[in-house]
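Q: Have a peek at model.csv (CSV, C-alpha atoms and all ligand atoms).
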chain,number,residue,atom,x,y,z
A,1,MET,CA,109.0,42.6,113.8
A,2,THR,CA,107.3,45.4,115.7
A,3,ASN,CA,108.7,48.2,113.6
A,4,PHE,CA,107.5,46.7,110.3
A,5,LEU,CA,104.4,48.5,109.1
A,6,CYS,CA,101.4,47.0,107.3
A,7,PHE,CA,99.3,49.4,105.3
A,8,GLY,CA,95.9,48.1,104.3
A,9,HIS,CA,95.9,49.0,100.6
A,10,ARG,CA,92.6,50.8,99.8
A,11,GLY,CA,91.5,49.1,103.1
A,12,ALA,CA,91.5,45.3,102.8
A,13,CYS,CA,90.6,45.4,99.1
A,14,GLY,CA,91.4,41.8,98.5
A,15,TYR,CA,88.3,41.0,100.5
A,16,GLU,CA,86.0,44.1,100.3
A,17,PRO,CA,85.3,46.7,97.6
A,18,GLU,CA,88.3,49.0,97.5
A,19,ASN,CA,88.2,52.4,99.2
A,20,THR,CA,84.9,51.7,100.9
A,21,LEU,CA,84.0,51.9,104.6
A,22,SER,CA,83.6,48.1,104.7
A,23,SER,CA,87.1,47.7,103.3
A,24,PHE,CA,88.6,50.0,105.9
A,25,ALA,CA,86.6,48.4,108.7
A,26,MET,CA,87.9,45.0,107.8
A,27,ALA,CA,91.5,46.2,107.7
A,28,ILE,CA,91.1,47.7,111.2
A,29,ASP,CA,89.4,44.5,112.5
A,30,MET,CA,92.4,42.5,111.2
A,31,GLY,CA,94.6,44.7,113.4
A,32,CYS,CA,96.2,46.7,110.6
A,33,PRO,CA,98.1,49.7,112.1
A,34,TRP,CA,97.7,51.8,108.9
A,35,ILE,CA,95.2,52.1,106.1
A,36,GLU,CA,96.0,53.7,102.7
A,37,LEU,CA,93.4,55.5,100.6
A,38,ASP,CA,93.2,57.7,97.5
A,39,VAL,CA,91.6,61.2,97.5
A,40,TYR,CA,90.1,63.6,95.1
A,41,VAL,CA,88.3,66.9,95.9
A,42,VAL,CA,85.0,67.7,94.3
A,43,GLU,CA,83.0,70.8,95.1
A,44,GLY,CA,85.2,71.2,98.2
A,45,GLU,CA,84.5,67.6,99.5
A,46,LEU,CA,87.3,65.1,99.9
A,47,LEU,CA,86.2,61.9,98.2
A,48,VAL,CA,87.9,58.5,98.6
A,49,ILE,CA,88.3,56.9,95.2
A,50,HIS,CA,91.2,55.6,93.2
A,51,ASP,CA,90.6,56.1,89.4
A,52,ASP,CA,90.1,59.3,87.4
A,53,SER,CA,87.1,57.6,85.9
A,54,LEU,CA,84.1,55.9,87.5
A,55,GLU,CA,83.6,52.8,85.5
A,56,ARG,CA,85.9,50.3,87.2
A,57,THR,CA,84.9,50.8,90.9
A,58,THR,CA,81.3,52.2,90.7
A,59,ASN,CA,78.1,51.8,88.7
A,60,GLY,CA,78.6,55.3,87.3
A,61,GLU,CA,80.1,56.6,84.1
A,62,GLY,CA,82.5,59.5,83.3
A,63,ASP,CA,85.3,61.2,85.1
A,64,VAL,CA,85.4,62.0,88.8
A,65,MET,CA,86.4,65.6,88.2
A,66,ALA,CA,83.7,66.2,85.6
A,67,SER,CA,81.0,64.9,87.9
A,68,SER,CA,78.8,66.7,90.4
A,69,LEU,CA,79.2,65.8,94.1
A,70,THR,CA,75.5,64.8,94.1
A,71,TYR,CA,76.0,62.4,91.3
A,72,LEU,CA,79.2,60.9,92.8
A,73,ARG,CA,77.5,60.3,96.1
A,74,SER,CA,74.5,58.6,94.4
A,75,LEU,CA,76.7,55.9,93.0
A,76,ASP,CA,77.3,52.3,94.3
A,77,ALA,CA,81.0,51.9,95.0
A,78,GLY,CA,80.5,48.2,95.9
A,79,ALA,CA,78.1,46.2,98.0
A,80,GLY,CA,75.7,49.1,98.0
A,81,GLN,CA,78.1,51.6,99.6
A,82,GLN,CA,78.7,55.2,98.6
A,83,ILE,CA,82.0,56.6,97.6
A,84,PRO,CA,83.1,57.7,101.1
A,85,THR,CA,84.2,61.1,102.1
A,86,LEU,CA,87.5,61.4,104.0
A,87,ARG,CA,85.6,62.6,107.0
A,88,GLU,CA,83.5,59.4,107.0
A,89,VAL,CA,86.6,57.3,106.9
A,90,ALA,CA,88.2,59.4,109.7
A,91,GLU,CA,85.0,58.9,111.8
A,92,LEU,CA,85.1,55.2,111.2
A,93,VAL,CA,88.8,54.9,112.1
A,94,ASP,CA,88.4,57.1,115.1
A,95,LYS,CA,92.2,57.2,115.8
A,96,ARG,CA,92.5,53.4,115.8
A,97,CYS,CA,95.0,53.3,113.0
A,98,GLY,CA,97.2,55.6,110.9
A,99,LEU,CA,95.9,57.2,107.7
A,100,ASN,CA,98.0,57.3,104.6
A,101,VAL,CA,96.2,59.8,102.3
A,102,GLU,CA,97.4,59.5,98.8
A,103,LEU,CA,96.8,62.7,96.9
A,104,LYS,CA,95.4,61.4,93.6
A,105,GLY,CA,93.3,64.3,92.3
A,106,PRO,CA,94.3,67.8,91.4
A,107,ASP,CA,94.5,70.5,94.1
A,108,THR,CA,94.1,68.1,97.0
A,109,ALA,CA,97.2,69.0,99.0
A,110,LEU,CA,95.7,72.1,100.7
A,111,PRO,CA,92.2,70.8,101.5
A,112,VAL,CA,93.7,67.5,102.8
A,113,SER,CA,96.2,69.4,105.0
A,114,MET,CA,93.4,71.5,106.4
A,115,PHE,CA,91.2,68.5,107.1
A,116,LEU,CA,94.0,66.6,108.8
A,117,ALA,CA,94.8,69.7,110.9
A,118,SER,CA,91.2,69.8,112.0
A,119,LEU,CA,91.5,66.2,113.1
A,120,CYS,CA,94.6,67.2,115.2
A,121,ASP,CA,92.4,69.7,116.9
A,122,CYS,CA,90.1,66.8,117.8
A,123,GLY,CA,92.8,64.7,119.4
A,124,TRP,CA,94.5,62.9,116.6
A,125,ASP,CA,98.2,62.9,116.6
A,126,GLY,CA,99.9,64.3,113.5
A,127,TYR,CA,102.1,61.3,113.4
A,128,GLN,CA,99.0,59.2,112.6
A,129,PHE,CA,99.1,60.7,109.1
A,130,LEU,CA,101.3,60.2,106.1
A,131,LEU,CA,100.6,62.2,102.9
A,132,SER,CA,101.8,60.7,99.7
A,133,SER,CA,101.6,61.2,96.0
A,134,PHE,CA,103.1,60.4,92.6
A,135,ASN,CA,102.5,64.0,91.8
A,136,HIS,CA,105.4,65.5,93.7
A,137,SER,CA,104.6,69.1,92.9
A,138,GLU,CA,101.2,68.6,94.5
A,139,LEU,CA,102.7,66.9,97.5
A,140,ALA,CA,105.1,69.8,97.9
A,141,LYS,CA,102.1,72.0,98.6
A,142,ALA,CA,101.0,69.9,101.6
A,143,ASP,CA,101.4,71.3,105.1
A,144,PRO,CA,105.1,70.5,105.9
A,145,GLY,CA,104.1,69.6,109.5
A,146,PHE,CA,102.8,66.3,108.2
A,147,ARG,CA,105.0,63.5,107.1
A,148,ARG,CA,105.3,63.1,103.3
A,149,GLY,CA,105.9,59.9,101.3
A,150,ALA,CA,107.3,60.4,97.8
A,151,LEU,CA,105.7,57.8,95.6
A,152,PHE,CA,107.6,56.2,92.7
A,153,GLN,CA,106.3,53.9,90.1
A,154,LYS,CA,109.2,53.8,87.6
A,155,VAL,CA,112.9,53.9,87.8
A,156,VAL,CA,114.2,57.4,88.2
A,157,PRO,CA,117.9,58.6,88.1
A,158,ASP,CA,117.8,59.9,91.6
A,159,TYR,CA,115.1,59.0,94.1
A,160,PHE,CA,116.8,61.0,96.8
A,161,ALA,CA,116.9,64.3,95.0
A,162,SER,CA,113.1,64.2,94.8
A,163,ALA,CA,112.7,63.0,98.4
A,164,SER,CA,115.1,65.7,99.6
A,165,SER,CA,113.3,68.5,97.8
A,166,LEU,CA,110.0,67.3,99.4
A,167,SER,CA,111.6,66.9,102.9
A,168,ALA,CA,110.1,63.4,102.6
A,169,TYR,CA,109.7,61.1,105.5
A,170,SER,CA,109.6,58.0,103.3
A,171,ILE,CA,110.1,56.8,99.7
A,172,ASN,CA,107.1,54.6,98.7
A,173,LEU,CA,108.2,52.3,96.0
A,174,SER,CA,106.6,49.9,93.5
A,175,ARG,CA,107.8,46.5,94.5
A,176,ASN,CA,109.6,46.2,91.1
A,177,LEU,CA,111.9,49.0,92.1
A,178,VAL,CA,113.1,47.6,95.4
A,179,ALA,CA,116.7,46.5,95.7
A,180,GLU,CA,118.9,46.0,98.7
A,181,LYS,CA,121.3,48.8,97.8
A,182,LEU,CA,118.4,51.3,97.4
A,183,VAL,CA,116.9,50.3,100.8
A,184,ASP,CA,120.3,50.7,102.5
A,185,GLU,CA,121.0,54.1,100.9
A,186,ALA,CA,117.5,55.3,102.0
A,187,HIS,CA,118.2,54.2,105.5
A,188,THR,CA,121.6,55.9,105.5
A,189,ARG,CA,119.8,59.1,104.5
A,190,GLY,CA,117.2,58.6,107.3
A,191,LEU,CA,114.3,57.7,105.0
A,192,LYS,CA,111.8,55.0,105.5
A,193,VAL,CA,111.1,52.6,102.6
A,194,TYR,CA,107.5,51.5,102.1
A,195,VAL,CA,106.6,49.1,99.2
A,196,TYR,CA,103.4,48.6,97.3
A,197,THR,CA,101.5,46.4,96.5
A,198,VAL,CA,102.8,43.2,98.2
A,199,ASN,CA,100.2,40.4,98.3
A,200,GLU,CA,102.0,37.1,97.9
A,201,PRO,CA,103.4,35.4,101.0
A,202,ASP,CA,106.8,34.8,99.5
A,203,GLU,CA,107.0,38.4,98.3
A,204,ILE,CA,106.1,39.6,101.8
A,205,GLN,CA,108.9,37.5,103.2
A,206,ARG,CA,111.3,38.9,100.6
A,207,MET,CA,110.4,42.4,101.6
A,208,ILE,CA,111.0,41.6,105.3
A,209,ARG,CA,114.4,40.1,104.4
A,210,LEU,CA,115.3,43.2,102.3
A,211,GLY,CA,114.8,45.3,105.4
A,212,VAL,CA,112.1,47.6,104.1
A,213,ASP,CA,110.0,49.4,106.7
A,214,GLY,CA,106.6,48.3,105.6
A,215,VAL,CA,104.4,47.2,102.8
A,216,PHE,CA,101.0,48.0,101.3
A,217,SER,CA,98.8,45.0,100.9
A,218,ASP,CA,95.4,44.1,99.7
A,219,TYR,CA,95.5,41.3,102.2
A,220,PRO,CA,96.7,42.8,105.5
A,221,ASP,CA,96.1,39.6,107.3
A,222,ARG,CA,98.8,37.9,105.3
A,223,VAL,CA,101.4,40.6,106.2
A,224,LEU,CA,100.4,40.5,109.9
A,225,SER,CA,100.7,36.7,109.9
A,226,ALA,CA,104.2,36.9,108.2
A,227,MET,CA,105.3,39.4,110.8
A,228,GLY,CA,104.2,37.0,113.5
A,229,ASP,CA,106.3,34.2,111.9
A,230,SER,CA,109.5,36.3,111.6
B,301,LIG,O1,100.4,54.3,97.9
B,301,LIG,C1,100.7,53.0,97.5
B,301,LIG,C2,99.8,52.7,96.3
B,301,LIG,O2,98.5,53.0,96.7
B,301,LIG,C3,100.1,53.5,95.1
B,301,LIG,O3,99.5,53.1,93.9
B,301,LIG,O4,97.8,53.0,92.2
B,301,LIG,O5,97.4,51.7,94.3
B,301,LIG,O6,97.3,54.2,94.3
B,301,LIG,P1,97.9,53.0,93.7
B,302,MG,MG,96.9,54.5,96.4
Can you turn what I pasted into structure tokens?
A:
Amino acid sequence: MTNFLCFGHRGACGYEPENTLSSFAMAIDMGCPWIELDVYVVEGELLVIHDDSLERTTNGEGDVMASSLTYLRSLDAGAGQQIPTLREVAELVDKRCGLNVELKGPDTALPVSMFLASLCDCGWDGYQFLLSSFNHSELAKADPGFRRGALFQKVVPDYFASASSLSAYSINLSRNLVAEKLVDEAHTRGLKVYVYTVNEPDEIQRMIRLGVDGVFSDYPDRVLSAMGDS
């Protein structure tokens, strides 16, 4: 099962506050080969947070994009931690696992691409990055030198038309969309299939049986354990 990838979803957010340094540290400590995180850009700074608004994951109020960087960085994102910058996450990771950067906010493709290029100048391998987004037009603006994952949440008539227009490396599917035929066709076309968010042990096993290439999980230890059993 060495080729099956485990992506720590928002770190190990079943155990630690999502998209915080403690969550990413836990995923790495578990031996997770990849972490996934969500990014916005505010005043030129890449910030790691999932929602458009602040209420669910911080003690703040309002929208991320309507807030100042100073305000955002003053907030508690869980257990007394700040909303991290992408640079802080990269420093924590220090090349120990791959980074799946999900472009969540507007106009993130270019600053993320530039930042990842700067990491490559510091010894990271470009294959340690996967850029993904539900916003395919934003993802299309990312540096084509980095791998792209086309995210899908709902059934669409043709997953492969979108993937092809993005020159995608992978299709990243909601678990409700996964079917054997789709997985097989993706593989025939040379695409990886990654599935989110897979937390229950029987669902992890089902994904392994379906032949997908990896899963995003809030509980990376469960995936790593299932891989050991397979
Ligand atoms: O990239 C997989 C997954 O993170 C996509 O959904 O809402 O958790 O960002 P979401
Ligand atoms: Mg995400």
Q: List all protein, DNA and RNA residues that have any atom at most 8 Å from ligand MG 302 (chain B), counting only C-alpha atoms and all ligand atoms, and write the list as a list of chain:residue names.
A: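 The distance check yields A:His9, A:Arg10, A:Glu36, A:Leu37, A:Asp38, A:His50, A:Val101, A:Glu102, A:Lys104.
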Q: Residues of the last selection are to be written out with C-alpha atoms, as a CSV table (one decimal), in the coordinates of the input.
A:
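Once written, result16.csv looks like this:
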chain,number,residue,atom,x,y,z
A,9,HIS,CA,95.9,49.0,100.6
A,10,ARG,CA,92.6,50.8,99.8
A,36,GLU,CA,96.0,53.7,102.7
A,37,LEU,CA,93.4,55.5,100.6
A,38,ASP,CA,93.2,57.7,97.5
A,50,HIS,CA,91.2,55.6,93.2
A,101,VAL,CA,96.2,59.8,102.3
A,102,GLU,CA,97.4,59.5,98.8
A,104,LYS,CA,95.4,61.4,93.6
Q: Have a look at A:Leu54, A:Lys181, A:Leu46, A:Ser165 and name the one nearest to Met114 of chain A; count only C-alpha atoms.
A: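 The shortest atom-to-atom distance to Met114 of chain A comes from A:Leu46.
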Q: Quick one: residues within 9 Å of Ala27 of chain A, only C-alpha atoms counted, chain neighbours fewer than 3 positions away excluded, as a list in words?
A: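 In the requested form, the answer reads Phe7, Gly8, His9, Gly11, Ala12, Cys13, Ser22, Ser23, Phe24, Met30, Gly31, Cys32, Pro33, Trp34, Ile35, Tyr219, Pro220 and Asp221 of chain A.
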Q: One number please: atom CA of Asp107 of chain A to atom O5 of ligand LIG 301 (chain B), in Å, one decimal.
A: 19.0 Å
Q: Do you have, as JSON lines, the list of residues of chain A lying at most 12 Å from ligand LIG 301 (chain B), each with its nearest atom pair and that distance in Å to one decimal, counting all atoms listed in the file and ordered by chain then number?
A:
{"residue": "A:Cys6", "atom": "CA", "partner": "B:LIG301", "partner_atom": "C1", "distance": 11.5}
{"residue": "A:Phe7", "atom": "CA", "partner": "B:LIG301", "partner_atom": "C1", "distance": 8.7}
{"residue": "A:Gly8", "atom": "CA", "partner": "B:LIG301", "partner_atom": "O2", "distance": 9.4}
{"residue": "A:His9", "atom": "CA", "partner": "B:LIG301", "partner_atom": "O2", "distance": 6.2}
{"residue": "A:Arg10", "atom": "CA", "partner": "B:LIG301", "partner_atom": "O2", "distance": 7.0}
{"residue": "A:Gly11", "atom": "CA", "partner": "B:LIG301", "partner_atom": "O2", "distance": 10.3}
{"residue": "A:Cys13", "atom": "CA", "partner": "B:LIG301", "partner_atom": "O5", "distance": 10.4}
{"residue": "A:Glu18", "atom": "CA", "partner": "B:LIG301", "partner_atom": "O5", "distance": 10.0}
{"residue": "A:Asn19", "atom": "CA", "partner": "B:LIG301", "partner_atom": "O5", "distance": 10.4}
{"residue": "A:Trp34", "atom": "CA", "partner": "B:LIG301", "partner_atom": "O1", "distance": 11.6}
{"residue": "A:Ile35", "atom": "CA", "partner": "B:LIG301", "partner_atom": "O1", "distance": 10.0}
{"residue": "A:Glu36", "atom": "CA", "partner": "B:LIG301", "partner_atom": "O2", "distance": 6.5}
{"residue": "A:Leu37", "atom": "CA", "partner": "B:LIG301", "partner_atom": "O2", "distance": 6.9}
{"residue": "A:Asp38", "atom": "CA", "partner": "B:LIG301", "partner_atom": "O6", "distance": 6.3}
{"residue": "A:Val39", "atom": "CA", "partner": "B:LIG301", "partner_atom": "O6", "distance": 9.6}
{"residue": "A:Tyr40", "atom": "CA", "partner": "B:LIG301", "partner_atom": "O6", "distance": 11.9}
{"residue": "A:Val48", "atom": "CA", "partner": "B:LIG301", "partner_atom": "O6", "distance": 11.2}
{"residue": "A:Ile49", "atom": "CA", "partner": "B:LIG301", "partner_atom": "O6", "distance": 9.4}
{"residue": "A:His50", "atom": "CA", "partner": "B:LIG301", "partner_atom": "O6", "distance": 6.4}
{"residue": "A:Asp51", "atom": "CA", "partner": "B:LIG301", "partner_atom": "O4", "distance": 8.3}
{"residue": "A:Asp52", "atom": "CA", "partner": "B:LIG301", "partner_atom": "O4", "distance": 11.0}
{"residue": "A:Leu99", "atom": "CA", "partner": "B:LIG301", "partner_atom": "O1", "distance": 11.2}
{"residue": "A:Asn100", "atom": "CA", "partner": "B:LIG301", "partner_atom": "O1", "distance": 7.7}
{"residue": "A:Val101", "atom": "CA", "partner": "B:LIG301", "partner_atom": "O1", "distance": 8.2}
{"residue": "A:Glu102", "atom": "CA", "partner": "B:LIG301", "partner_atom": "O1", "distance": 6.1}
{"residue": "A:Leu103", "atom": "CA", "partner": "B:LIG301", "partner_atom": "O6", "distance": 8.9}
{"residue": "A:Lys104", "atom": "CA", "partner": "B:LIG301", "partner_atom": "O6", "distance": 7.5}
{"residue": "A:Gly105", "atom": "CA", "partner": "B:LIG301", "partner_atom": "O6", "distance": 11.0}
{"residue": "A:Leu130", "atom": "CA", "partner": "B:LIG301", "partner_atom": "O1", "distance": 10.1}
{"residue": "A:Leu131", "atom": "CA", "partner": "B:LIG301", "partner_atom": "O1", "distance": 9.4}
{"residue": "A:Ser132", "atom": "CA", "partner": "B:LIG301", "partner_atom": "O1", "distance": 6.8}
{"residue": "A:Ser133", "atom": "CA", "partner": "B:LIG301", "partner_atom": "O1", "distance": 7.3}
{"residue": "A:Phe134", "atom": "CA", "partner": "B:LIG301", "partner_atom": "C3", "distance": 7.9}
{"residue": "A:Asn135", "atom": "CA", "partner": "B:LIG301", "partner_atom": "C3", "distance": 11.3}
{"residue": "A:Arg148", "atom": "CA", "partner": "B:LIG301", "partner_atom": "O1", "distance": 11.4}
{"residue": "A:Gly149", "atom": "CA", "partner": "B:LIG301", "partner_atom": "O1", "distance": 8.6}
{"residue": "A:Ala150", "atom": "CA", "partner": "B:LIG301", "partner_atom": "O1", "distance": 9.2}
{"residue": "A:Leu151", "atom": "CA", "partner": "B:LIG301", "partner_atom": "O1", "distance": 6.8}
{"residue": "A:Phe152", "atom": "CA", "partner": "B:LIG301", "partner_atom": "C3", "distance": 8.3}
{"residue": "A:Gln153", "atom": "CA", "partner": "B:LIG301", "partner_atom": "O3", "distance": 7.8}
{"residue": "A:Lys154", "atom": "CA", "partner": "B:LIG301", "partner_atom": "O3", "distance": 11.6}
{"residue": "A:Ser170", "atom": "CA", "partner": "B:LIG301", "partner_atom": "O1", "distance": 11.3}
{"residue": "A:Ile171", "atom": "CA", "partner": "B:LIG301", "partner_atom": "O1", "distance": 10.2}
{"residue": "A:Asn172", "atom": "CA", "partner": "B:LIG301", "partner_atom": "C1", "distance": 6.7}
{"residue": "A:Leu173", "atom": "CA", "partner": "B:LIG301", "partner_atom": "C1", "distance": 7.7}
{"residue": "A:Ser174", "atom": "CA", "partner": "B:LIG301", "partner_atom": "C3", "distance": 7.6}
{"residue": "A:Arg175", "atom": "CA", "partner": "B:LIG301", "partner_atom": "C1", "distance": 10.1}
{"residue": "A:Val193", "atom": "CA", "partner": "B:LIG301", "partner_atom": "C1", "distance": 11.6}
{"residue": "A:Tyr194", "atom": "CA", "partner": "B:LIG301", "partner_atom": "C1", "distance": 8.3}
{"residue": "A:Val195", "atom": "CA", "partner": "B:LIG301", "partner_atom": "C1", "distance": 7.3}
{"residue": "A:Tyr196", "atom": "CA", "partner": "B:LIG301", "partner_atom": "C1", "distance": 5.2}
{"residue": "A:Thr197", "atom": "CA", "partner": "B:LIG301", "partner_atom": "C2", "distance": 6.5}
{"residue": "A:Val198", "atom": "CA", "partner": "B:LIG301", "partner_atom": "C1", "distance": 10.0}
{"residue": "A:Gly214", "atom": "CA", "partner": "B:LIG301", "partner_atom": "C1", "distance": 11.1}
{"residue": "A:Val215", "atom": "CA", "partner": "B:LIG301", "partner_atom": "C1", "distance": 8.7}
{"residue": "A:Phe216", "atom": "CA", "partner": "B:LIG301", "partner_atom": "C1", "distance": 6.3}
{"residue": "A:Ser217", "atom": "CA", "partner": "B:LIG301", "partner_atom": "C1", "distance": 8.9}
{"residue": "A:Asp218", "atom": "CA", "partner": "B:LIG301", "partner_atom": "O5", "distance": 9.5}
Q: Enter the distance from atom CA of Tyr169 of chain A to atom CA of Arg87 of chain A, in Å, rounded to one decimal.
A: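 Distance reported for this atom pair: 24.2 Å.
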Q: In Å, rounded to a single decimal, give me how far atom CA of Ile204 of chain A is from atom CA of Asp158 of chain A.
A: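 Here the two named atoms are 25.6 Å from each other.
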Q: How would segment 35-53 of chain A read, as a PDB file, in the coordinates of the input, once N, CA and C atoms are built in?
A:
ATOM      1  N   ILE A  35      95.972  52.362 107.303  1.00  0.00           N
ATOM      2  CA  ILE A  35      95.200  52.100 106.100  1.00  0.00           C
ATOM      3  C   ILE A  35      95.688  53.189 105.042  1.00  0.00           C
ATOM      4  N   GLU A  36      95.651  52.785 103.798  1.00  0.00           N
ATOM      5  CA  GLU A  36      96.000  53.700 102.700  1.00  0.00           C
ATOM      6  C   GLU A  36      94.706  53.935 101.889  1.00  0.00           C
ATOM      7  N   LEU A  37      94.547  55.166 101.425  1.00  0.00           N
ATOM      8  CA  LEU A  37      93.400  55.500 100.600  1.00  0.00           C
ATOM      9  C   LEU A  37      93.769  56.615  99.618  1.00  0.00           C
ATOM     10  N   ASP A  38      92.929  56.775  98.600  1.00  0.00           N
ATOM     11  CA  ASP A  38      93.200  57.700  97.500  1.00  0.00           C
ATOM     12  C   ASP A  38      92.145  58.797  97.494  1.00  0.00           C
ATOM     13  N   VAL A  39      92.561  60.037  97.283  1.00  0.00           N
ATOM     14  CA  VAL A  39      91.600  61.200  97.500  1.00  0.00           C
ATOM     15  C   VAL A  39      91.589  62.110  96.285  1.00  0.00           C
ATOM     16  N   TYR A  40      90.353  62.520  95.981  1.00  0.00           N
ATOM     17  CA  TYR A  40      90.100  63.600  95.100  1.00  0.00           C
ATOM     18  C   TYR A  40      89.281  64.670  95.821  1.00  0.00           C
ATOM     19  N   VAL A  41      89.216  65.888  95.301  1.00  0.00           N
ATOM     20  CA  VAL A  41      88.300  66.900  95.900  1.00  0.00           C
ATOM     21  C   VAL A  41      87.360  67.370  94.820  1.00  0.00           C
ATOM     22  N   VAL A  42      86.083  67.288  95.178  1.00  0.00           N
ATOM     23  CA  VAL A  42      85.000  67.700  94.300  1.00  0.00           C
ATOM     24  C   VAL A  42      84.065  68.626  95.014  1.00  0.00           C
ATOM     25  N   GLU A  43      83.873  69.797  94.479  1.00  0.00           N
ATOM     26  CA  GLU A  43      83.000  70.800  95.100  1.00  0.00           C
ATOM     27  C   GLU A  43      83.376  70.967  96.603  1.00  0.00           C
ATOM     28  N   GLY A  44      84.669  70.935  96.864  1.00  0.00           N
ATOM     29  CA  GLY A  44      85.200  71.200  98.200  1.00  0.00           C
ATOM     30  C   GLY A  44      85.086  69.950  99.132  1.00  0.00           C
ATOM     31  N   GLU A  45      84.557  68.837  98.634  1.00  0.00           N
ATOM     32  CA  GLU A  45      84.500  67.600  99.500  1.00  0.00           C
ATOM     33  C   GLU A  45      85.568  66.651  99.104  1.00  0.00           C
ATOM     34  N   LEU A  46      86.235  66.106 100.110  1.00  0.00           N
ATOM     35  CA  LEU A  46      87.300  65.100  99.900  1.00  0.00           C
ATOM     36  C   LEU A  46      86.663  63.743  99.733  1.00  0.00           C
ATOM     37  N   LEU A  47      86.837  63.152  98.559  1.00  0.00           N
ATOM     38  CA  LEU A  47      86.200  61.900  98.200  1.00  0.00           C
ATOM     39  C   LEU A  47      87.296  60.794  98.082  1.00  0.00           C
ATOM     40  N   VAL A  48      86.971  59.591  98.542  1.00  0.00           N
ATOM     41  CA  VAL A  48      87.900  58.500  98.600  1.00  0.00           C
ATOM     42  C   VAL A  48      87.658  57.558  97.409  1.00  0.00           C
ATOM     43  N   ILE A  49      88.459  57.668  96.373  1.00  0.00           N
ATOM     44  CA  ILE A  49      88.300  56.900  95.200  1.00  0.00           C
ATOM     45  C   ILE A  49      89.632  56.836  94.443  1.00  0.00           C
ATOM     46  N   HIS A  50      89.907  55.757  93.728  1.00  0.00           N
ATOM     47  CA  HIS A  50      91.200  55.600  93.200  1.00  0.00           C
ATOM     48  C   HIS A  50      91.402  56.135  91.735  1.00  0.00           C
ATOM     49  N   ASP A  51      90.432  55.841  90.866  1.00  0.00           N
ATOM     50  CA  ASP A  51      90.600  56.100  89.400  1.00  0.00           C
ATOM     51  C   ASP A  51      90.129  57.526  89.068  1.00  0.00           C
ATOM     52  N   ASP A  52      90.667  58.043  87.970  1.00  0.00           N
ATOM     53  CA  ASP A  52      90.100  59.300  87.400  1.00  0.00           C
ATOM     54  C   ASP A  52      88.704  59.091  86.912  1.00  0.00           C
ATOM     55  N   SER A  53      88.412  57.875  86.452  1.00  0.00           N
ATOM     56  CA  SER A  53      87.100  57.600  85.900  1.00  0.00           C
ATOM     57  C   SER A  53      86.325  56.625  86.789  1.00  0.00           C
TER      58      SER A  53
END
